[in-house]
>>> print(open('my_file.cif').read())   # mmCIF, C-alpha atoms
data_entry
loop_
_atom_site.label_atom_id
_atom_site.label_comp_id
_atom_site.auth_asym_id
_atom_site.auth_seq_id
_atom_site.Cartn_x
_atom_site.Cartn_y
_atom_site.Cartn_z
CA GLY A 1 21.48 195.65 149.65
CA GLY A 2 18.42 194.98 147.54
CA THR A 3 15.71 197.08 149.16
CA SER A 4 16.35 200.44 147.47
CA GLY A 5 18.27 202.27 144.76
CA LEU A 6 20.75 200.34 142.66
CA GLY A 7 20.36 197.16 144.72
CA LEU A 8 16.62 197.02 144.12
CA GLN A 9 17.07 197.71 140.41
CA LEU A 10 19.58 194.87 140.19
CA MET A 11 17.19 192.51 141.96
CA LYS A 12 14.43 193.32 139.48
CA ASP A 13 16.72 192.97 136.46
CA TYR A 14 18.18 189.61 137.51
CA LEU A 15 14.76 188.26 138.51
CA ASP A 16 13.46 189.29 135.09
CA ILE A 17 15.94 186.95 133.39
CA GLY A 18 15.22 184.07 135.74
CA TYR A 19 17.92 184.23 138.39
CA ASN A 20 17.43 183.28 142.01
CA VAL A 21 18.46 186.42 143.91
CA ILE A 22 19.48 186.80 147.54
CA SER A 23 19.37 190.23 149.18
CA ILE A 24 21.13 190.94 152.47
CA SER A 25 19.94 194.12 154.20
CA ARG A 26 19.22 195.30 157.70
CA ASN A 27 15.85 197.08 157.47
CA ALA A 28 13.05 194.62 158.18
CA GLU A 29 10.31 197.09 157.22
CA LYS A 30 11.89 197.75 153.81
CA ILE A 31 12.31 194.02 153.25
CA SER A 32 8.62 193.45 153.96
CA ASN A 33 7.58 196.20 151.55
CA ILE A 34 9.85 194.98 148.74
CA LYS A 35 8.65 191.39 149.17
CA LYS A 36 5.09 192.60 148.59
CA GLN A 37 6.19 194.69 145.64
CA LEU A 38 8.15 191.95 143.89
CA GLN A 39 5.85 188.98 144.59
CA ASN A 40 8.54 186.63 143.29
CA ASP A 41 9.47 183.32 144.91
CA LYS A 42 12.94 183.52 143.35
CA ALA A 43 13.76 186.47 145.64
CA THR A 44 15.23 185.55 149.03
CA PHE A 45 15.74 188.18 151.72
CA ILE A 46 18.13 187.91 154.66
CA CYS A 47 17.71 190.52 157.37
CA GLU A 48 21.23 191.08 158.66
CA ASP A 49 23.60 193.99 159.24
CA VAL A 50 26.68 193.64 157.02
CA SER A 51 28.66 195.77 159.47
CA ASN A 52 28.47 192.89 161.96
CA ILE A 53 31.48 190.77 161.06
CA ASP A 54 30.29 187.83 163.17
CA THR A 55 27.05 187.82 161.22
CA THR A 56 28.65 187.97 157.79
CA ALA A 57 31.02 185.16 158.71
CA ASN A 58 27.98 182.93 159.17
CA LEU A 59 26.30 183.80 155.86
CA ALA A 60 27.32 180.48 154.34
CA GLU A 61 25.36 178.65 157.03
CA VAL A 62 22.31 180.81 156.34
CA ILE A 63 22.44 180.30 152.57
CA SER A 64 23.45 176.63 152.40
CA PRO A 65 19.96 175.20 153.15
CA HIS A 66 18.64 176.97 150.04
CA PHE A 67 21.52 177.00 147.52
CA ASN A 68 24.71 175.01 146.94
CA LYS A 69 26.55 177.47 144.70
CA LEU A 70 26.78 181.17 143.90
CA ASP A 71 27.31 182.50 140.37
CA ILE A 72 27.38 186.24 141.08
CA LEU A 73 28.22 188.28 144.18
CA ILE A 74 27.48 192.01 144.06
CA ASN A 75 28.83 193.99 147.01
CA ASN A 76 26.56 197.02 146.96
CA ALA A 77 25.81 198.05 150.56
CA GLY A 78 27.05 201.51 151.45
CA ILE A 79 26.55 204.61 153.58
CA ILE A 80 28.03 208.10 153.69
CA HIS A 81 28.69 210.75 156.34
CA PRO A 82 30.02 214.05 154.97
CA GLY A 83 33.08 215.80 156.28
CA GLY A 84 36.82 216.19 156.05
CA ILE A 85 39.42 215.46 158.72
CA GLU A 86 38.26 218.29 161.00
CA LYS A 87 34.55 217.55 160.86
CA ILE A 88 34.12 213.81 160.69
CA GLU A 89 33.99 211.91 163.99
CA THR A 90 35.96 208.73 164.62
CA ALA A 91 32.74 206.76 165.13
CA GLN A 92 31.47 207.90 161.72
CA TRP A 93 34.80 207.03 160.12
CA ASN A 94 34.69 203.53 161.64
CA GLU A 95 31.10 202.97 160.55
CA MET A 96 31.81 203.92 156.95
CA ILE A 97 35.00 201.88 156.71
CA ASN A 98 33.19 198.94 158.28
CA ILE A 99 30.14 198.98 156.00
CA ASN A 100 31.71 200.28 152.78
CA LEU A 101 34.97 198.32 152.92
CA THR A 102 35.35 195.66 155.62
CA SER A 103 31.95 194.11 154.85
CA VAL A 104 33.08 193.54 151.26
CA PHE A 105 36.08 191.56 152.49
CA ALA A 106 34.03 189.64 155.06
CA ILE A 107 31.14 188.74 152.74
CA THR A 108 33.46 187.74 149.90
CA LYS A 109 35.49 185.55 152.24
CA ALA A 110 32.39 183.93 153.72
CA LEU A 111 30.82 183.15 150.35
CA LEU A 112 33.98 182.15 148.48
CA PRO A 113 33.26 178.39 148.91
CA PHE A 114 29.95 178.90 147.07
CA LEU A 115 31.61 180.89 144.28
CA LYS A 116 34.20 178.16 143.79
CA LYS A 117 31.40 175.69 143.01
CA SER A 118 30.17 177.79 140.06
CA GLU A 119 31.50 177.41 136.54
CA CYS A 120 30.96 181.11 135.78
CA ALA A 121 31.51 182.86 139.11
CA ASN A 122 32.26 186.53 139.32
CA ILE A 123 32.18 189.38 141.82
CA VAL A 124 31.24 193.00 141.24
CA ASN A 125 32.11 195.58 143.88
CA VAL A 126 30.16 198.81 143.73
CA SER A 127 32.72 201.57 144.15
CA SER A 128 32.33 205.25 143.21
CA ILE A 129 33.97 208.04 141.25
CA SER A 130 34.77 209.34 144.74
CA SER A 131 37.60 206.80 144.68
CA LYS A 132 39.18 208.73 141.82
CA MET A 133 38.41 212.31 142.87
CA THR A 134 37.87 213.87 146.28
CA GLY A 135 34.28 214.39 147.33
CA SER A 136 32.34 215.60 150.33
CA SER A 137 33.45 212.75 152.62
CA ILE A 138 37.03 211.74 153.35
CA ALA A 139 36.00 208.35 154.76
CA TYR A 140 33.76 207.53 151.80
CA SER A 141 36.49 208.39 149.28
CA VAL A 142 39.11 206.40 151.20
CA ALA A 143 36.83 203.35 151.49
CA LYS A 144 35.95 203.41 147.79
CA ALA A 145 39.60 203.84 146.76
CA ALA A 146 40.39 200.78 148.86
CA ILE A 147 37.56 198.89 147.14
CA ASP A 148 39.24 199.52 143.78
CA MET A 149 42.51 198.05 145.00
CA MET A 150 40.72 195.15 146.71
CA THR A 151 39.02 194.44 143.39
CA GLN A 152 42.34 194.19 141.60
CA SER A 153 43.92 192.12 144.37
CA LEU A 154 40.99 189.70 144.44
CA ALA A 155 41.04 189.42 140.64
CA LYS A 156 44.65 188.29 140.76
CA ASP A 157 44.08 186.02 143.76
CA LEU A 158 40.93 184.29 142.52
CA ALA A 159 41.79 183.86 138.82
CA GLN A 160 43.16 180.43 139.71
CA TYR A 161 39.55 179.39 140.41
CA GLY A 162 38.17 181.03 137.29
CA ILE A 163 36.45 183.69 139.41
CA ARG A 164 36.34 187.14 137.82
CA VAL A 165 36.34 190.30 139.97
CA ASN A 166 35.54 193.82 138.74
CA SER A 167 34.20 197.07 140.15
CA VAL A 168 31.85 199.74 138.87
CA ASN A 169 32.49 203.36 139.84
CA PRO A 170 29.26 205.32 139.44
CA GLY A 171 28.79 209.02 139.61
CA MET A 172 25.63 210.65 140.96
CA MET A 173 22.43 208.64 140.44
CA ASP A 174 18.89 209.78 141.12
CA THR A 175 18.31 206.98 143.65
CA GLY A 176 17.78 209.14 146.74
CA PHE A 177 21.04 207.96 148.33
CA GLN A 178 21.74 211.40 149.80
CA VAL A 179 18.23 211.61 151.25
CA SER A 180 18.32 208.15 152.85
CA ASN A 181 21.68 208.99 154.42
CA GLY A 182 20.40 212.27 155.85
CA LEU A 183 22.57 214.56 153.71
CA ILE A 184 19.65 216.20 151.92
CA LYS A 185 16.07 216.85 152.98
CA PRO A 186 13.48 215.21 150.69
CA ALA A 187 11.98 218.61 149.80
CA ASP A 188 15.40 219.85 148.62
CA TYR A 189 16.39 216.78 146.62
CA ASP A 190 15.22 217.85 143.16
CA ASP A 191 16.97 221.19 143.52
CA PHE A 192 20.11 219.41 144.71
CA LEU A 193 20.10 217.14 141.65
CA SER A 194 19.59 220.10 139.33
CA LYS A 195 22.58 221.96 140.76
CA VAL A 196 24.87 218.93 140.82
CA GLY A 197 23.70 217.97 137.35
CA THR A 198 25.41 221.03 135.87
CA THR A 199 28.77 219.34 136.58
CA TYR A 200 27.79 216.22 134.60
CA PRO A 201 28.15 216.63 130.81
CA LEU A 202 25.56 213.89 130.19
CA GLY A 203 23.46 214.73 133.24
CA ILE A 204 22.67 212.72 136.38
CA GLY A 205 22.48 208.95 135.92
CA SER A 206 19.92 206.39 136.99
CA ALA A 207 20.07 202.99 138.67
CA ILE A 208 19.18 201.39 135.34
CA ASP A 209 22.31 202.86 133.73
CA VAL A 210 24.57 201.20 136.29
CA SER A 211 22.55 197.99 136.46
CA ASN A 212 22.93 197.57 132.69
CA LEU A 213 26.71 197.80 133.04
CA ILE A 214 26.80 195.32 135.94
CA MET A 215 24.64 192.84 134.06
CA PHE A 216 27.03 193.00 131.12
CA ILE A 217 30.08 192.52 133.35
CA THR A 218 28.50 189.47 135.00
CA SER A 219 27.45 187.90 131.70
CA ASP A 220 29.32 185.43 129.50
CA LYS A 221 29.95 188.30 127.06
CA ALA A 222 32.48 189.63 129.57
CA LYS A 223 34.18 186.31 130.35
CA TRP A 224 37.67 187.70 129.61
CA ILE A 225 37.30 190.78 131.82
CA THR A 226 38.68 190.83 135.34
CA GLY A 227 40.49 193.29 137.61
CA SER A 228 38.87 196.33 135.99
CA ASN A 229 37.36 199.47 137.54
CA TYR A 230 34.56 200.76 135.33
CA ILE A 231 33.86 204.49 135.63
CA ILE A 232 30.23 205.23 134.72
CA ASP A 233 29.53 208.86 135.51
CA GLY A 234 28.16 210.74 132.50
CA GLY A 235 31.54 212.42 132.04
CA ARG A 236 31.77 213.91 135.55
CA SER A 237 35.33 212.72 136.21
CA VAL A 238 36.66 214.37 133.04
CA ASN A 239 34.75 217.61 133.59
CA ILE A 240 37.41 219.28 135.75
#
>>> encode(input="my_file.cif", output="structure tokens")
Amino acid sequence: GGTSGLGLQLMKDYLDIGYNVISISRNAEKISNIKKQLQNDKATFICEDVSNIDTTANLAEVISPHFNKLDILINNAGIIHPGGIEKIETAQWNEMININLTSVFAITKALLPFLKKSECANIVNVSSISSKMTGSSIAYSVAKAAIDMMTQSLAKDLAQYGIRVNSVNPGMMDTGFQVSNGLIKPADYDDFLSKVGTTYPLGIGSAIDVSNLIMFITSDKAKWITGSNYIIDGGRSVNI
């Protein structure tokens, strides 16, 4: 998911240090705009919907003509629909579980042969502090909690191949995630951030904050770290 927010920041940061970066996202218009913005031949864009399991299963075939190994996999795609058990519809529940959770399993499984060919392979799953504390969406919290356990299970399972697996659990970032998911109107976003920011001892975070953590986790400096869930939330989870 490299066309906005954290995903786009990660693309820029990895391109800046010379990586070839592949982004998988479903919005062709956004892909076109970001291509023009980046102007970098090391950036490859695949226009696919990660919620389509048949599509993700074929990712290896799409990537293999261009690359023969994968050093880093960052599972970052995500959506949110608000609501508890009485409000949320089954279709919304299924969509969130599919995109936020099942796609992580499917993409990791599809690209595992490429990760095995790397001498420094690792996976980072983008979770949320909503996995640790209830939020505005039951499905989102459940999916992210499952991501944390999947991270630990994968870390144990894939250590035999030298593949590290960790997750980051961000709090609120000023990436416009709530706007793009239709939770907040653009005109109300700044006011929303100001109000929510009062619950964060260090204030609202940015994509750069989380990208910096991910880049450390995926570097050789973190070569003995696996199976960890990294909370990065400006103190929100302890401000209760």
>>> closest_residue(input="my_file.cif", among="A:Asp13, A:Glu119, A:Asp41, A:Asp49", to="Ser25 of chain A", atoms="only C-alpha atoms")
A:Asp49
>>> residues_around(input="my_file.cif", residues="segment 62-66 of chain A", least_positions_apart="4", cutoff="12 Å", atoms="all atoms listed in the file", output="list in words")
Asn20, Val21, Ile22, Ser23, Ile24, Lys42, Ala43, Thr44, Phe45, Ile46, Cys47, Glu48, Thr55, Thr56, Ala57, Asn58, Leu70, Ala110, Leu111, Pro113 and Phe114 of chain A
>>> closest_residue(input="my_file.cif", among="A:Ile85, A:Thr175, A:Lys195, A:Leu115", to="Leu8 of chain A", atoms="all atoms listed in the file")
A:Thr175
>>> closest_residue(input="my_file.cif", among="A:Val179, A:Ala139, A:Cys120, A:Ile74", to="Tyr161 of chain A", atoms="all atoms listed in the file")
A:Cys120
>>> atom_distance(input="my_file.cif", atom1="atom CA of Asn100 of chain A", atom2="atom CA of Ala146 of chain A")
9.5 Å
>>> atom_distance(input="my_file.cif", atom1="atom CA of Pro186 of chain A", atom2="atom CA of Asn27 of chain A")
19.5 Å
>>> residues_around(input="my_file.cif", residues="Tyr189 of chain A", least_positions_apart="5", cutoff="9 Å", atoms="all atoms listed in the file", output="list in words")
Gly176, Gln178, Val179, Ile184 and Ser194 of chain A
>>> atom_distance(input="my_file.cif", atom1="atom CA of Gly135 of chain A", atom2="atom CA of Ile99 of chain A")
18.2 Å
>>> residues_around(input="my_file.cif", residues="Asp233 of chain A", least_positions_apart="5", cutoff="12 Å", atoms="all atoms listed in the file", output="PyMOL selection string")
chain A and resi 127-130+132+168-173+197+199-207+209-210+213+238-239
>>> resolve_selection(input="my_file.cif", expression="the PyMOL selection byres ((chain A and resi 3) around 7)", output="PyMOL selection string")
chain A and resi 1-2+4+7-8+30-31+34
>>> residues_around(input="my_file.cif", residues="Lys156 of chain A", least_positions_apart="3", cutoff="9 Å", atoms="all atoms listed in the file", output="list in words")
Thr151, Gln152, Ser153, Ala159, Gln160, Arg164, Val165, Thr226 and Gly227 of chain A
>>> write_last_selection(input="my_file.cif", atoms="C-alpha atoms", output="mmCIF file, keeping the file's coordinate frame")
data_model
loop_
_atom_site.group_PDB
_atom_site.id
_atom_site.type_symbol
_atom_site.label_atom_id
_atom_site.label_comp_id
_atom_site.auth_asym_id
_atom_site.auth_seq_id
_atom_site.Cartn_x
_atom_site.Cartn_y
_atom_site.Cartn_z
ATOM 1 C CA THR A 151 39.020 194.440 143.390
ATOM 2 C CA GLN A 152 42.340 194.190 141.600
ATOM 3 C CA SER A 153 43.920 192.120 144.370
ATOM 4 C CA ALA A 159 41.790 183.860 138.820
ATOM 5 C CA GLN A 160 43.160 180.430 139.710
ATOM 6 C CA ARG A 164 36.340 187.140 137.820
ATOM 7 C CA VAL A 165 36.340 190.300 139.970
ATOM 8 C CA THR A 226 38.680 190.830 135.340
ATOM 9 C CA GLY A 227 40.490 193.290 137.610
#
>>> residues_near_point(input="my_file.cif", point="(31.2, 188.7, 138.3)", cutoff="9 Å", atoms="all atoms listed in the file", output="list in words")
Asp71, Ile72, Leu73, Ile74, Cys120, Ala121, Asn122, Ile123, Val124, Asn125, Ile163, Arg164, Val165, Asn166, Ile214, Met215, Ile217, Thr218, Ser219, Ala222, Lys223 and Thr226 of chain A
>>> build_atoms(input="my_file.cif", residues="segment 59-70 of chain A", atoms="all heavy atoms", output="compact mmCIF listing (two decimals), keeping the file's coordinate frame")
# COMPACT_ATOMS: atom_id res chain seq x y z
N LEU A 59 27.22 183.75 157.00
CA LEU A 59 26.30 183.80 155.86
C LEU A 59 26.21 182.47 155.12
O LEU A 59 25.14 182.09 154.64
CB LEU A 59 26.73 184.89 154.88
CG LEU A 59 26.35 186.32 155.24
CD1 LEU A 59 26.90 187.29 154.21
CD2 LEU A 59 24.84 186.47 155.35
N ALA A 60 27.32 181.77 155.04
CA ALA A 60 27.32 180.48 154.34
C ALA A 60 26.33 179.52 155.00
O ALA A 60 25.62 178.79 154.31
CB ALA A 60 28.72 179.88 154.33
N GLU A 61 26.27 179.53 156.31
CA GLU A 61 25.36 178.65 157.03
C GLU A 61 23.91 179.04 156.77
O GLU A 61 23.02 178.18 156.72
CB GLU A 61 25.65 178.69 158.53
CG GLU A 61 27.02 178.16 158.91
CD GLU A 61 27.29 178.28 160.40
OE1 GLU A 61 26.33 178.53 161.16
OE2 GLU A 61 28.46 178.12 160.80
N VAL A 62 23.67 180.33 156.59
CA VAL A 62 22.31 180.81 156.34
C VAL A 62 21.86 180.44 154.93
O VAL A 62 20.70 180.06 154.70
CB VAL A 62 22.24 182.35 156.52
CG1 VAL A 62 20.85 182.88 156.17
CG2 VAL A 62 22.58 182.72 157.97
N ILE A 63 22.78 180.52 153.97
CA ILE A 63 22.44 180.30 152.57
C ILE A 63 22.42 178.82 152.20
O ILE A 63 21.63 178.39 151.35
CB ILE A 63 23.44 181.06 151.67
CG1 ILE A 63 23.23 182.57 151.84
CG2 ILE A 63 23.27 180.67 150.21
CD1 ILE A 63 24.26 183.40 151.11
N SER A 64 23.27 178.02 152.82
CA SER A 64 23.45 176.63 152.40
C SER A 64 22.18 175.78 152.38
O SER A 64 22.07 174.89 151.52
CB SER A 64 24.52 175.94 153.26
OG SER A 64 24.18 176.00 154.63
N PRO A 65 21.18 176.01 153.26
CA PRO A 65 19.96 175.20 153.15
C PRO A 65 19.17 175.46 151.86
O PRO A 65 18.34 174.64 151.45
CB PRO A 65 19.14 175.63 154.37
CG PRO A 65 20.13 176.18 155.33
CD PRO A 65 21.15 176.86 154.46
N HIS A 66 19.41 176.58 151.22
CA HIS A 66 18.64 176.97 150.04
C HIS A 66 19.41 176.78 148.73
O HIS A 66 18.82 176.44 147.71
CB HIS A 66 18.23 178.45 150.16
CG HIS A 66 17.53 178.78 151.44
ND1 HIS A 66 16.22 178.45 151.68
CD2 HIS A 66 17.97 179.41 152.56
CE1 HIS A 66 15.88 178.86 152.89
NE2 HIS A 66 16.92 179.46 153.45
N PHE A 67 20.72 177.04 148.75
CA PHE A 67 21.52 177.00 147.52
C PHE A 67 22.86 176.32 147.79
O PHE A 67 23.39 176.41 148.90
CB PHE A 67 21.77 178.42 146.99
CG PHE A 67 20.51 179.22 146.78
CD1 PHE A 67 20.10 180.15 147.72
CD2 PHE A 67 19.73 179.02 145.65
CE1 PHE A 67 18.94 180.88 147.54
CE2 PHE A 67 18.57 179.74 145.46
CZ PHE A 67 18.16 180.68 146.40
N ASN A 68 23.41 175.68 146.77
CA ASN A 68 24.71 175.01 146.94
C ASN A 68 25.83 175.66 146.15
O ASN A 68 26.96 175.19 146.16
CB ASN A 68 24.60 173.52 146.58
CG ASN A 68 24.19 173.30 145.14
OD1 ASN A 68 24.15 174.25 144.35
ND2 ASN A 68 23.87 172.07 144.79
N LYS A 69 25.50 176.74 145.42
CA LYS A 69 26.55 177.47 144.70
C LYS A 69 26.11 178.92 144.53
O LYS A 69 24.94 179.26 144.73
CB LYS A 69 26.83 176.84 143.34
CG LYS A 69 25.70 177.03 142.34
CD LYS A 69 26.13 176.67 140.92
CE LYS A 69 25.01 176.97 139.94
NZ LYS A 69 25.42 176.79 138.54
N LEU A 70 27.06 179.76 144.15
CA LEU A 70 26.78 181.17 143.90
C LEU A 70 27.49 181.58 142.62
O LEU A 70 28.70 181.42 142.50
CB LEU A 70 27.27 182.02 145.08
CG LEU A 70 27.00 183.52 145.05
CD1 LEU A 70 25.50 183.80 145.10
CD2 LEU A 70 27.69 184.22 146.23
